>>> print(open('start31.pdb').read())   # PDB, C-alpha atoms
ATOM      1  CA  MET Z 205     158.077  69.946  37.656
ATOM      2  CA  SER Z 206     156.649  73.288  37.433
ATOM      3  CA  PRO Z 207     153.142  74.001  38.720
ATOM      4  CA  ALA Z 208     151.939  75.123  35.277
ATOM      5  CA  LYS Z 209     152.814  71.827  33.833
ATOM      6  CA  LYS Z 210     151.067  70.090  36.656
ATOM      7  CA  LYS Z 211     147.932  72.057  36.027
ATOM      8  CA  SER Z 212     147.924  71.187  32.373
ATOM      9  CA  LYS Z 213     148.400  67.561  33.149
ATOM     10  CA  SER Z 214     145.708  67.590  35.673
ATOM     11  CA  SER Z 215     143.374  69.279  33.283
ATOM     12  CA  GLY Z 216     144.154  66.786  30.585
ATOM     13  CA  ARG Z 217     143.518  63.969  32.969
ATOM     14  CA  ARG Z 218     140.281  65.420  33.988
ATOM     15  CA  SER Z 219     139.136  65.657  30.421
ATOM     16  CA  LYS Z 220     139.902  62.031  29.870
ATOM     17  CA  SER Z 221     137.875  60.890  32.818
ATOM     18  CA  PRO Z 222     134.235  59.630  32.201
ATOM     19  CA  ARG Z 223     132.934  62.105  34.693
ATOM     20  CA  ASP Z 224     133.959  64.953  32.460
ATOM     21  CA  LYS Z 225     132.226  63.426  29.503
ATOM     22  CA  ARG Z 226     128.507  64.390  28.770
ATOM     23  CA  SER Z 227     126.439  61.562  30.190
ATOM     24  CA  ARG Z 228     122.952  60.536  28.899
ATOM     25  CA  SER Z 229     120.079  61.154  31.258
ATOM     26  CA  PRO Z 230     117.509  58.434  32.201
ATOM     27  CA  HIS Z 231     114.702  60.655  30.836
ATOM     28  CA  TYR Z 232     116.062  60.248  27.332
ATOM     29  CA  SER Z 233     115.932  56.446  27.545
ATOM     30  CA  THR Z 234     112.338  56.429  28.764
ATOM     31  CA  VAL Z 235     111.246  58.623  25.834
ATOM     32  CA  LYS Z 236     112.943  56.280  23.406
ATOM     33  CA  VAL Z 237     111.196  53.268  24.934
ATOM     34  CA  LYS Z 238     107.826  55.013  24.744
ATOM     35  CA  GLN Z 239     108.337  55.800  21.066
ATOM     36  CA  TRP Z 240     109.178  52.217  20.275
ATOM     37  CA  PHE Z 241     106.181  51.041  22.264
ATOM     38  CA  CYS Z 242     103.822  53.384  20.356
ATOM     39  CA  VAL Z 243     105.140  52.187  17.017
ATOM     40  CA  ALA Z 244     104.701  48.565  18.066
ATOM     41  CA  LEU Z 245     101.197  49.256  19.320
ATOM     42  CA  ALA Z 246     100.230  50.987  16.019
ATOM     43  CA  ALA Z 247     101.623  48.077  14.029
ATOM     44  CA  LEU Z 248      99.679  45.653  16.200
ATOM     45  CA  GLU Z 249      96.467  47.619  15.730
ATOM     46  CA  LEU Z 250      97.032  47.698  11.972
ATOM     47  CA  PHE Z 251      97.622  43.950  11.957
ATOM     48  CA  VAL Z 252      94.465  43.323  14.002
ATOM     49  CA  HIS Z 253      92.439  45.561  11.686
ATOM     50  CA  GLN Z 254      93.699  43.751   8.582
ATOM     51  CA  ALA Z 255      93.012  40.389  10.206
ATOM     52  CA  SER Z 256      89.434  41.433  11.049
ATOM     53  CA  LEU Z 257      88.879  42.616   7.465
ATOM     54  CA  LYS Z 258      90.124  39.298   6.097
ATOM     55  CA  LEU Z 259      87.891  37.414   8.488
ATOM     56  CA  ARG Z 260      84.849  39.397   7.386
ATOM     57  CA  GLU Z 261      85.613  38.755   3.733
ATOM     58  CA  GLU Z 262      85.999  35.028   4.423
ATOM     59  CA  ARG Z 263      82.692  34.988   6.300
ATOM     60  CA  GLU Z 264      80.936  36.753   3.440
ATOM     61  CA  ASP Z 265      82.412  34.317   0.902
ATOM     62  CA  HIS Z 266      81.836  31.240   3.097
ATOM     63  CA  PRO Z 267      78.997  31.987   5.530
ATOM     64  CA  HIS Z 268      78.500  29.865   8.567
ATOM     65  CA  PRO Z 269      75.845  27.159   8.058
ATOM     66  CA  ARG Z 270      73.923  28.098  11.146
ATOM     67  CA  ARG Z 271      73.845  31.778  10.348
ATOM     68  CA  GLY Z 272      72.831  31.050   6.693
ATOM     69  CA  ARG Z 273      69.954  28.945   7.888
ATOM     70  CA  GLU Z 274      68.868  31.610  10.324
ATOM     71  CA  ASP Z 275      68.974  34.247   7.528
ATOM     72  CA  ARG Z 276      67.238  32.017   5.023
ATOM     73  CA  GLN Z 277      64.332  31.129   7.296
ATOM     74  CA  PRO Z 278      62.727  34.600   7.371
ATOM     75  CA  ARG Z 279      63.320  35.013   3.618
ATOM     76  CA  GLU Z 280      61.779  31.619   2.818
ATOM     77  CA  SER Z 281      58.858  32.339   5.093
ATOM     78  CA  SER Z 282      58.176  35.686   3.358
ATOM     79  CA  GLU Z 283      58.453  34.079  -0.117
ATOM     80  CA  GLN Z 284      56.154  31.256   0.890
ATOM     81  CA  GLY Z 285      53.617  33.818   2.095
ATOM     82  CA  HIS Z 286      53.704  35.642  -1.241
ATOM     83  CA  ARG Z 287      53.367  32.379  -3.160
ATOM     84  CA  ARG Z 288      50.410  31.297  -1.065
ATOM     85  CA  ALA Z 289      48.680  34.639  -1.658
ATOM     86  CA  ARG Z 290      49.261  34.389  -5.431
ATOM     87  CA  ASN Z 291      48.013  30.808  -5.547
ATOM     88  CA  SER Z 292      44.905  31.731  -3.615
ATOM     89  CA  GLU Z 293      44.145  34.600  -6.021
ATOM     90  CA  ARG Z 294      44.660  32.303  -9.017
ATOM     91  CA  ASP Z 295      42.371  29.700  -7.531
ATOM     92  CA  ARG Z 296      39.710  32.338  -6.995
ATOM     93  CA  HIS Z 297      39.931  33.570 -10.579
ATOM     94  CA  ARG Z 298      39.834  30.019 -11.905
ATOM     95  CA  GLY Z 299      36.828  29.236  -9.759
ATOM     96  CA  HIS Z 300      34.964  32.301 -11.039
ATOM     97  CA  SER Z 301      35.820  31.505 -14.661
ATOM     98  CA  ARG Z 302      34.757  27.873 -14.246
ATOM     99  CA  GLN Z 303      31.497  28.912 -12.654
ATOM    100  CA  GLY Z 304      30.843  31.370 -15.526
ATOM    101  CA  ARG Z 305      31.606  28.723 -18.146
ATOM    102  CA  SER Z 306      29.494  26.131 -16.459
ATOM    103  CA  SER Z 307      26.617  28.632 -16.130
ATOM    104  CA  GLU Z 308      26.921  29.397 -19.846
ATOM    105  CA  GLU Z 309      27.286  25.822 -20.973
ATOM    106  CA  ARG Z 310      24.606  24.270 -18.795
ATOM    107  CA  PRO Z 311      21.534  25.980 -20.289
ATOM    108  CA  LEU Z 312      22.870  25.689 -23.858
ATOM    109  CA  GLY Z 313      23.555  21.978 -23.871
ATOM    110  CA  GLY Z 314      23.100  20.840 -27.472
ATOM    111  CA  GLN Z 315      22.725  24.398 -28.804
ATOM    112  CA  GLY Z 316      26.518  24.691 -29.108
ATOM    113  CA  ARG Z 317      26.557  21.827 -31.548
ATOM    114  CA  ASP Z 318      23.766  23.444 -33.520
ATOM    115  CA  ARG Z 319      25.765  26.657 -33.735
ATOM    116  CA  ASP Z 320      28.830  24.788 -34.947
ATOM    117  CA  SER Z 321      26.799  23.090 -37.651
ATOM    118  CA  GLN Z 322      25.269  26.433 -38.698
ATOM    119  CA  ASN Z 323      28.708  28.026 -38.917
ATOM    120  CA  LEU Z 324      29.945  25.130 -41.051
ATOM    121  CA  GLN Z 325      26.981  25.496 -43.373
ATOM    122  CA  ALA Z 326      27.557  29.247 -43.680
ATOM    123  CA  GLN Z 327      31.217  28.648 -44.525
ATOM    124  CA  GLU Z 328      30.302  26.078 -47.172
ATOM    125  CA  GLU Z 329      27.767  28.481 -48.701
ATOM    126  CA  GLU Z 330      30.386  31.228 -48.745
ATOM    127  CA  ARG Z 331      32.831  28.935 -50.529
ATOM    128  CA  ASP Z 332      30.227  27.941 -53.087
ATOM    129  CA  PHE Z 333      29.423  31.597 -53.672
ATOM    130  CA  HIS Z 334      33.045  32.547 -54.233
ATOM    131  CA  ASN Z 335      33.591  29.553 -56.525
ATOM    132  CA  ALA Z 336      30.577  30.515 -58.628
ATOM    133  CA  ARG Z 337      31.835  34.074 -58.789
ATOM    134  CA  ARG Z 338      35.241  32.940 -59.987
ATOM    135  CA  ARG Z 339      33.669  30.779 -62.663
ATOM    136  CA  GLU Z 340      31.574  33.685 -63.895
ATOM    137  CA  HIS Z 341      34.653  35.895 -63.986
ATOM    138  CA  ARG Z 342      36.443  33.298 -66.087
ATOM    139  CA  GLN Z 343      33.508  32.999 -68.439
ATOM    140  CA  GLN Z 344      33.338  36.800 -68.779
ATOM    141  CA  ASN Z 345      37.032  36.992 -69.535
ATOM    142  CA  GLU Z 346      36.737  34.245 -72.125
ATOM    143  CA  SER Z 347      33.686  35.715 -73.800
ATOM    144  CA  ALA Z 348      34.173  39.435 -74.435
ATOM    145  CA  GLY Z 349      30.480  40.046 -75.100
ATOM    146  CA  GLY Z 350      29.424  39.662 -71.454
ATOM    147  CA  GLU Z 351      27.669  42.458 -69.621
ATOM    148  CA  ALA Z 352      29.944  44.583 -67.469
ATOM    149  CA  SER Z 353      27.691  45.311 -64.489
ATOM    150  CA  GLU Z 354      25.995  42.021 -63.609
ATOM    151  CA  VAL Z 355      24.967  41.435 -60.020
ATOM    152  CA  ILE Z 356      25.481  37.990 -58.428
ATOM    153  CA  PRO Z 357      23.002  37.266 -55.596
ATOM    154  CA  ARG Z 358      24.541  35.946 -52.403
ATOM    155  CA  PRO Z 359      23.194  32.793 -50.702
ATOM    156  CA  ALA Z 360      20.226  33.127 -48.389
ATOM    157  CA  GLY Z 361      22.258  32.380 -45.244
ATOM    158  CA  ASN Z 362      24.320  35.571 -45.613
ATOM    159  CA  ARG Z 363      22.659  38.851 -44.670
ATOM    160  CA  SER Z 364      25.193  41.070 -46.478
ATOM    161  CA  LYS Z 365      24.189  43.130 -49.509
ATOM    162  CA  GLU Z 366      24.595  42.058 -53.083
ATOM    163  CA  VAL Z 367      28.036  42.763 -54.525
ATOM    164  CA  PRO Z 368      28.171  44.228 -58.063
ATOM    165  CA  VAL Z 369      30.863  42.907 -60.347
ATOM    166  CA  LYS Z 370      33.509  45.437 -61.305
ATOM    167  CA  GLU Z 371      33.546  46.796 -64.822
ATOM    168  CA  LYS Z 372      36.109  45.441 -67.238
ATOM    169  CA  PRO Z 373      39.152  47.571 -68.017
ATOM    170  CA  SER Z 374      39.016  49.632 -71.200
ATOM    171  CA  PHE Z 375      42.028  49.252 -73.478
ATOM    172  CA  GLU Z 376      40.945  51.914 -75.963
ATOM    173  CA  LEU Z 377      43.202  54.804 -76.895
ATOM    174  CA  SER Z 378      42.872  57.670 -74.424
ATOM    175  CA  GLY Z 379      45.026  60.135 -76.353
ATOM    176  CA  ALA Z 380      47.088  61.036 -73.275
ATOM    177  CA  LEU Z 381      50.335  59.993 -74.969
ATOM    178  CA  LEU Z 382      49.689  62.349 -77.883
ATOM    179  CA  GLU Z 383      49.307  65.438 -75.725
ATOM    180  CA  ASP Z 384      52.986  66.358 -75.960
ATOM    181  CA  THR Z 385      53.179  65.876 -79.724
ATOM    182  CA  ASN Z 386      49.646  66.913 -80.793
ATOM    183  CA  THR Z 387      50.001  70.594 -79.954
ATOM    184  CA  PHE Z 388      49.499  73.564 -82.227
ATOM    185  CA  ARG Z 389      50.578  77.083 -81.267
ATOM    186  CA  GLY Z 390      50.969  76.020 -77.658
ATOM    187  CA  VAL Z 391      47.463  74.526 -77.400
ATOM    188  CA  VAL Z 392      46.787  70.809 -76.983
ATOM    189  CA  ILE Z 393      44.494  69.551 -79.750
ATOM    190  CA  LYS Z 394      41.812  67.122 -78.629
ATOM    191  CA  TYR Z 395      41.679  65.436 -81.990
ATOM    192  CA  SER Z 396      44.259  63.477 -83.971
ATOM    193  CA  GLU Z 397      43.740  62.498 -87.612
ATOM    194  CA  PRO Z 398      43.195  58.815 -88.495
ATOM    195  CA  PRO Z 399      45.655  56.926 -90.738
ATOM    196  CA  GLU Z 400      43.154  56.934 -93.609
ATOM    197  CA  ALA Z 401      43.090  60.756 -93.757
ATOM    198  CA  ARG Z 402      43.545  62.088 -97.322
ATOM    199  CA  ILE Z 403      43.302  65.397 -99.208
ATOM    200  CA  PRO Z 404      40.310  65.219-101.599
ATOM    201  CA  LYS Z 405      40.448  65.676-105.337
ATOM    202  CA  LYS Z 406      36.962  67.159-105.420
ATOM    203  CA  ARG Z 407      36.722  70.789-104.544
ATOM    204  CA  TRP Z 408      34.276  70.793-101.668
ATOM    205  CA  ARG Z 409      32.774  74.025-100.396
ATOM    206  CA  LEU Z 410      30.734  75.227 -97.451
ATOM    207  CA  TYR Z 411      28.026  77.803 -98.123
ATOM    208  CA  PRO Z 412      27.115  79.521 -94.817
ATOM    209  CA  PHE Z 413      23.734  81.220 -94.312
ATOM    210  CA  LYS Z 414      22.612  83.404 -91.433
ATOM    211  CA  ASN Z 415      18.853  83.266 -91.599
ATOM    212  CA  ASP Z 416      18.325  84.352 -95.249
ATOM    213  CA  GLU Z 417      21.648  86.166 -95.559
ATOM    214  CA  VAL Z 418      24.295  84.497 -97.740
ATOM    215  CA  LEU Z 419      27.843  84.714 -96.284
ATOM    216  CA  PRO Z 420      31.159  84.261 -98.109
ATOM    217  CA  VAL Z 421      31.870  80.768 -99.440
ATOM    218  CA  MET Z 422      34.447  78.605 -97.621
ATOM    219  CA  TYR Z 423      36.720  76.408 -99.759
ATOM    220  CA  ILE Z 424      37.555  73.267 -97.808
ATOM    221  CA  HIS Z 425      39.486  71.090-100.260
ATOM    222  CA  ARG Z 426      43.076  72.185 -99.528
ATOM    223  CA  GLN Z 427      43.514  70.171 -96.268
ATOM    224  CA  SER Z 428      42.615  66.704 -95.055
ATOM    225  CA  ALA Z 429      40.890  68.071 -91.923
ATOM    226  CA  TYR Z 430      39.396  71.342 -90.686
ATOM    227  CA  LEU Z 431      38.927  72.160 -86.977
ATOM    228  CA  LEU Z 432      35.778  74.138 -86.140
ATOM    229  CA  GLY Z 433      35.501  75.993 -82.843
ATOM    230  CA  ARG Z 434      35.547  79.211 -80.863
ATOM    231  CA  HIS Z 435      39.313  79.219 -80.238
ATOM    232  CA  ARG Z 436      40.528  81.446 -83.086
ATOM    233  CA  ARG Z 437      44.164  80.662 -82.382
ATOM    234  CA  ILE Z 438      43.820  77.060 -83.537
ATOM    235  CA  ALA Z 439      40.460  76.862 -85.364
ATOM    236  CA  ASP Z 440      40.530  76.492 -89.160
ATOM    237  CA  ILE Z 441      36.902  77.558 -89.377
ATOM    238  CA  PRO Z 442      36.120  79.860 -86.427
ATOM    239  CA  ILE Z 443      32.641  79.848 -84.877
ATOM    240  CA  ASP Z 444      32.131  82.872 -82.661
ATOM    241  CA  HIS Z 445      28.815  81.940 -81.093
ATOM    242  CA  PRO Z 446      29.073  81.630 -77.257
ATOM    243  CA  SER Z 447      27.148  78.324 -77.250
ATOM    244  CA  CYS Z 448      29.952  76.648 -79.240
ATOM    245  CA  SER Z 449      32.987  75.026 -77.662
ATOM    246  CA  LYS Z 450      36.586  76.078 -78.221
ATOM    247  CA  GLN Z 451      37.216  72.807 -80.072
ATOM    248  CA  HIS Z 452      33.733  71.932 -81.227
ATOM    249  CA  ALA Z 453      33.956  69.573 -84.236
ATOM    250  CA  VAL Z 454      36.243  68.423 -87.062
ATOM    251  CA  PHE Z 455      35.529  68.205 -90.782
ATOM    252  CA  GLN Z 456      37.571  65.148 -91.871
ATOM    253  CA  TYR Z 457      38.298  63.557 -95.290
ATOM    254  CA  ARG Z 458      38.844  59.785 -95.188
ATOM    255  CA  LEU Z 459      39.863  57.207 -97.797
ATOM    256  CA  VAL Z 460      37.220  54.457 -97.514
ATOM    257  CA  GLU Z 461      36.247  51.432 -99.553
ATOM    258  CA  TYR Z 462      33.032  51.177-101.565
ATOM    259  CA  THR Z 463      31.475  48.650-103.943
ATOM    260  CA  ARG Z 464      30.976  49.594-107.554
ATOM    261  CA  ALA Z 465      27.982  48.640-109.714
ATOM    262  CA  ASP Z 466      29.816  45.644-111.137
ATOM    263  CA  GLY Z 467      30.574  44.313-107.649
ATOM    264  CA  THR Z 468      34.215  45.264-107.506
ATOM    265  CA  VAL Z 469      35.663  47.115-104.491
ATOM    266  CA  GLY Z 470      37.167  50.540-104.914
ATOM    267  CA  ARG Z 471      38.415  53.403-102.722
ATOM    268  CA  ARG Z 472      37.175  56.935-102.552
ATOM    269  CA  VAL Z 473      37.848  60.014-100.419
ATOM    270  CA  LYS Z 474      34.657  61.049 -98.628
ATOM    271  CA  PRO Z 475      33.882  63.900 -96.219
ATOM    272  CA  TYR Z 476      32.946  63.148 -92.585
ATOM    273  CA  ILE Z 477      32.001  65.189 -89.547
ATOM    274  CA  ILE Z 478      32.887  64.284 -85.933
ATOM    275  CA  ASP Z 479      31.787  66.066 -82.766
ATOM    276  CA  LEU Z 480      34.580  66.468 -80.140
ATOM    277  CA  GLY Z 481      32.297  66.172 -77.123
ATOM    278  CA  SER Z 482      30.969  69.719 -77.307
ATOM    279  CA  GLY Z 483      28.594  71.049 -74.688
ATOM    280  CA  ASN Z 484      25.703  71.953 -77.001
ATOM    281  CA  GLY Z 485      26.278  69.429 -79.787
ATOM    282  CA  THR Z 486      26.518  69.342 -83.565
ATOM    283  CA  PHE Z 487      23.452  68.976 -85.788
ATOM    284  CA  LEU Z 488      23.361  67.228 -89.165
ATOM    285  CA  ASN Z 489      20.155  67.995 -91.071
ATOM    286  CA  ASN Z 490      18.571  69.213 -87.814
ATOM    287  CA  LYS Z 491      19.464  65.991 -85.956
ATOM    288  CA  ARG Z 492      22.019  65.985 -83.175
ATOM    289  CA  ILE Z 493      24.894  63.553 -83.780
ATOM    290  CA  GLU Z 494      26.672  61.493 -81.135
ATOM    291  CA  PRO Z 495      30.073  62.749 -79.945
ATOM    292  CA  GLN Z 496      33.344  61.043 -80.904
ATOM    293  CA  ARG Z 497      31.767  59.279 -83.894
ATOM    294  CA  TYR Z 498      32.253  59.797 -87.642
ATOM    295  CA  TYR Z 499      29.202  60.664 -89.743
ATOM    296  CA  GLU Z 500      29.470  60.590 -93.533
ATOM    297  CA  LEU Z 501      28.453  63.802 -95.288
ATOM    298  CA  LYS Z 502      26.756  63.974 -98.641
ATOM    299  CA  GLU Z 503      26.093  66.711-101.103
ATOM    300  CA  LYS Z 504      23.598  69.391 -99.906
ATOM    301  CA  ASP Z 505      23.805  68.261 -96.263
ATOM    302  CA  VAL Z 506      23.188  71.071 -93.730
ATOM    303  CA  LEU Z 507      25.348  71.485 -90.591
ATOM    304  CA  LYS Z 508      24.615  73.538 -87.486
ATOM    305  CA  PHE Z 509      26.760  73.992 -84.345
ATOM    306  CA  GLY Z 510      25.375  74.665 -80.876
ATOM    307  CA  PHE Z 511      22.594  77.263 -80.726
ATOM    308  CA  SER Z 512      24.059  79.317 -83.547
ATOM    309  CA  SER Z 513      21.570  80.367 -86.243
ATOM    310  CA  ARG Z 514      24.130  79.888 -89.007
ATOM    311  CA  GLU Z 515      23.663  76.955 -91.379
ATOM    312  CA  TYR Z 516      26.457  75.440 -93.477
ATOM    313  CA  VAL Z 517      25.479  73.710 -96.752
ATOM    314  CA  LEU Z 518      28.007  71.263 -98.205
ATOM    315  CA  LEU Z 519      28.494  71.381-101.983
ATOM    316  CA  HIS Z 520      31.309  70.798-104.485
ATOM    317  CA  GLU Z 521      32.343  72.399-107.772
ATOM    318  CA  SER Z 522      30.085  70.253-109.962
ATOM    319  CA  SER Z 523      27.022  70.598-107.731
ATOM    320  CA  ASP Z 524      23.820  72.173-108.979
ATOM    321  CA  THR Z 525      23.854  75.651-107.407
ATOM    322  CA  SER Z 526      20.736  76.999-109.087
ATOM    323  CA  GLU Z 527      18.879  77.286-105.773
ATOM    324  CA  LEU Z 528      21.758  79.170-104.228
ATOM    325  CA  ASP Z 529      21.950  81.499-107.205
ATOM    326  CA  ARG Z 530      18.242  82.200-106.861
ATOM    327  CA  LYS Z 531      18.701  83.105-103.205
ATOM    328  CA  GLU Z 532      21.580  85.414-104.062
ATOM    329  CA  ASP Z 533      19.517  87.112-106.779
ATOM    330  CA  GLU Z 534      16.611  87.579-104.372
ATOM    331  CA  ASP Z 535      18.941  89.116-101.816
ATOM    332  CA  ASP Z 536      20.361  91.474-104.444
ATOM    333  CA  GLU Z 537      16.846  92.524-105.512
ATOM    334  CA  GLU Z 538      15.871  93.221-101.899
ATOM    335  CA  GLU Z 539      18.960  95.381-101.457
ATOM    336  CA  GLU Z 540      18.132  97.311-104.626
ATOM    337  CA  MET Z 541      14.525  97.864-103.460
ATOM    338  CA  VAL Z 542      15.783  99.164-100.136
ATOM    339  CA  SER Z 543      18.245 101.545-101.860
ATOM    340  CA  ASP Z 544      15.540 102.847-104.238
ATOM    341  CA  SER Z 545      13.130 103.510-101.434
TER     342      SER Z 545
END
>>> encode(input="start31.pdb", output="structure tokens")
Amino acid sequence: MSPAKKKSKSSGRRSKSPRDKRSRSPHYSTVKVKQWFCVALAALELFVHQASLKLREEREDHPHPRRGREDRQPRESSEQGHRRARNSERDRHRGHSRQGRSSEERPLGGQGRDRDSQNLQAQEEERDFHNARRREHRQQNESAGGEASEVIPRPAGNRSKEVPVKEKPSFELSGALLEDTNTFRGVVIKYSEPPEARIPKKRWRLYPFKNDEVLPVMYIHRQSAYLLGRHRRIADIPIDHPSCSKQHAVFQYRLVEYTRADGTVGRRVKPYIIDLGSGNGTFLNNKRIEPQRYYELKEKDVLKFGFSSREYVLLHESSDTSELDRKEDEDDEEEEMVSDS
């Protein structure tokens, strides 16, 4: 064999031998062991930690009897101390209240019973008073002619003042419902005509006089009512004197019954005057009439309103006007005398 072949063989043999292979060092094995040991130690610590946590939880859920007693003793002692302090304070307060009651009750003795009897008597008197008041109210309601402002004296035992009885309600017509309908030219009229209002067949007239001066005649037979007042927008017969009200009075014709000479009953339209609550009043034959009340007018009656100097004489077409004619003639003569002079 040639030497080259020998060398190649030898080299191939050498490569196959374990010496030529890369061997592992002992340092590598020690490092591996240490790593495994650290992992095992960490797992052990984790296990111990979990076991300790479980043990704590079990102790908290199921405490040891000795330890529970030891913990409860200081708590019970503190609670007992608080309870004793509260009980002592309550006993003190009760003792003070009992002493106060006994001190109040001892000197009174039988006076408490006397007070109870007095209170019972006062209550009985109060009941009797209220019962009597109710009876009187019933009697007043039954009989309409009772006085409205009677005063019922209270019993002697009560020191309170006498109580006046309330006035009865008034069911008369107030006219508030007619305000929307009873308007004329945008002004609310205080007065509404009665159902018996009629237009007269007689031709009534008003003859006004200012002192001795005769003014134009007023014909008042064309309507059933005439409103007199200072408000010229709504007044049928205006009165300009400042003492008169805006709606002073009403001249009203009414259909009323009357008895004839033979005793039979008939109907006739008659004139009336009504004052609407004026400030200075209405005067019939120099006598002031009551407001909101009808007064029958007759021939030759004289009307005055407020402090006005004008006088209104009531006449009709068939009345005797000789006196008025004389006054007119006298006035004409005076005017002629003045013109001649």
>>> resolve_selection(input="start31.pdb", expression="the PyMOL selection byres ((chain Z and resi 391) around 12)", output="compact mmCIF listing (two decimals) with C-alpha atoms, in the frame of the given file")
# COMPACT_ATOMS: atom_id res chain seq x y z
CA GLU Z 383 49.31 65.44 -75.72
CA ASP Z 384 52.99 66.36 -75.96
CA THR Z 385 53.18 65.88 -79.72
CA ASN Z 386 49.65 66.91 -80.79
CA THR Z 387 50.00 70.59 -79.95
CA PHE Z 388 49.50 73.56 -82.23
CA ARG Z 389 50.58 77.08 -81.27
CA GLY Z 390 50.97 76.02 -77.66
CA VAL Z 392 46.79 70.81 -76.98
CA ILE Z 393 44.49 69.55 -79.75
CA LYS Z 394 41.81 67.12 -78.63
CA TYR Z 395 41.68 65.44 -81.99
CA HIS Z 435 39.31 79.22 -80.24
CA ARG Z 436 40.53 81.45 -83.09
CA ARG Z 437 44.16 80.66 -82.38
CA ILE Z 438 43.82 77.06 -83.54
CA ALA Z 439 40.46 76.86 -85.36
CA LYS Z 450 36.59 76.08 -78.22
CA GLN Z 451 37.22 72.81 -80.07
>>> atom_distance(input="start31.pdb", atom1="CA of Val473 (chain Z)", atom2="CA of Arg407 (chain Z)")
11.6 Å
>>> atom_distance(input="start31.pdb", atom1="CA of Pro475 (chain Z)", atom2="CA of Leu432 (chain Z)")
14.5 Å
>>> resolve_selection(input="start31.pdb", expression="the PyMOL selection byres ((chain Z and resi 502) around 9)", output="list in words")
Lys474, Pro475, Tyr476, Glu500, Leu501, Glu503, Lys504, Asp505, Leu518 and Leu519 of chain Z
>>> write_last_selection(input="start31.pdb", atoms="C-alpha atoms", output="CSV table (one decimal), in the frame of the given file")
chain,number,residue,atom,x,y,z
Z,474,LYS,CA,34.7,61.0,-98.6
Z,475,PRO,CA,33.9,63.9,-96.2
Z,476,TYR,CA,32.9,63.1,-92.6
Z,500,GLU,CA,29.5,60.6,-93.5
Z,501,LEU,CA,28.5,63.8,-95.3
Z,503,GLU,CA,26.1,66.7,-101.1
Z,504,LYS,CA,23.6,69.4,-99.9
Z,505,ASP,CA,23.8,68.3,-96.3
Z,518,LEU,CA,28.0,71.3,-98.2
Z,519,LEU,CA,28.5,71.4,-102.0
>>> axis_aligned_box(input="start31.pdb", around="region 384-396 of chain Z", padding_each_side="4 Å", output="lines of an AutoDock Vina configuration file")
center_x = 47.4
center_y = 70.3
center_z = -80.0
size_x = 19.5
size_y = 21.6
size_z = 16.0
>>> resolve_selection(input="start31.pdb", expression="the PyMOL selection byres ((chain Z and resi 402) around 10)", output="PDB file with C-alpha atoms, keeping the file's coordinate frame")
ATOM      1  CA  GLU Z 397      43.740  62.498 -87.612  1.00  0.00           C
ATOM      2  CA  PRO Z 398      43.195  58.815 -88.495  1.00  0.00           C
ATOM      3  CA  PRO Z 399      45.655  56.926 -90.738  1.00  0.00           C
ATOM      4  CA  GLU Z 400      43.154  56.934 -93.609  1.00  0.00           C
ATOM      5  CA  ALA Z 401      43.090  60.756 -93.757  1.00  0.00           C
ATOM      6  CA  ILE Z 403      43.302  65.397 -99.208  1.00  0.00           C
ATOM      7  CA  PRO Z 404      40.310  65.219-101.599  1.00  0.00           C
ATOM      8  CA  LYS Z 405      40.448  65.676-105.337  1.00  0.00           C
ATOM      9  CA  GLN Z 427      43.514  70.171 -96.268  1.00  0.00           C
ATOM     10  CA  SER Z 428      42.615  66.704 -95.055  1.00  0.00           C
ATOM     11  CA  ALA Z 429      40.890  68.071 -91.923  1.00  0.00           C
ATOM     12  CA  GLN Z 456      37.571  65.148 -91.871  1.00  0.00           C
ATOM     13  CA  TYR Z 457      38.298  63.557 -95.290  1.00  0.00           C
ATOM     14  CA  ARG Z 458      38.844  59.785 -95.188  1.00  0.00           C
ATOM     15  CA  LEU Z 459      39.863  57.207 -97.797  1.00  0.00           C
ATOM     16  CA  VAL Z 460      37.220  54.457 -97.514  1.00  0.00           C
ATOM     17  CA  ARG Z 472      37.175  56.935-102.552  1.00  0.00           C
ATOM     18  CA  VAL Z 473      37.848  60.014-100.419  1.00  0.00           C
ATOM     19  CA  LYS Z 474      34.657  61.049 -98.628  1.00  0.00           C
ATOM     20  CA  PRO Z 475      33.882  63.900 -96.219  1.00  0.00           C
TER      21      PRO Z 475
END
>>> atom_distance(input="start31.pdb", atom1="CA of Leu507 (chain Z)", atom2="CA of Thr486 (chain Z)")
7.4 Å
>>> closest_residue(input="start31.pdb", among="Z:Asp479, Z:Asp440, Z:Asp466, Z:Asp416", to="Glu515 (chain Z)", atoms="all atoms listed in the file")
Z:Asp416
>>> residues_around(input="start31.pdb", residues="Phe487 (chain Z)", least_positions_apart="6", cutoff="8 Å", atoms="only C-alpha atoms", output="list in words")
Ile493, Leu507, Lys508, Phe509 and Gly510 of chain Z
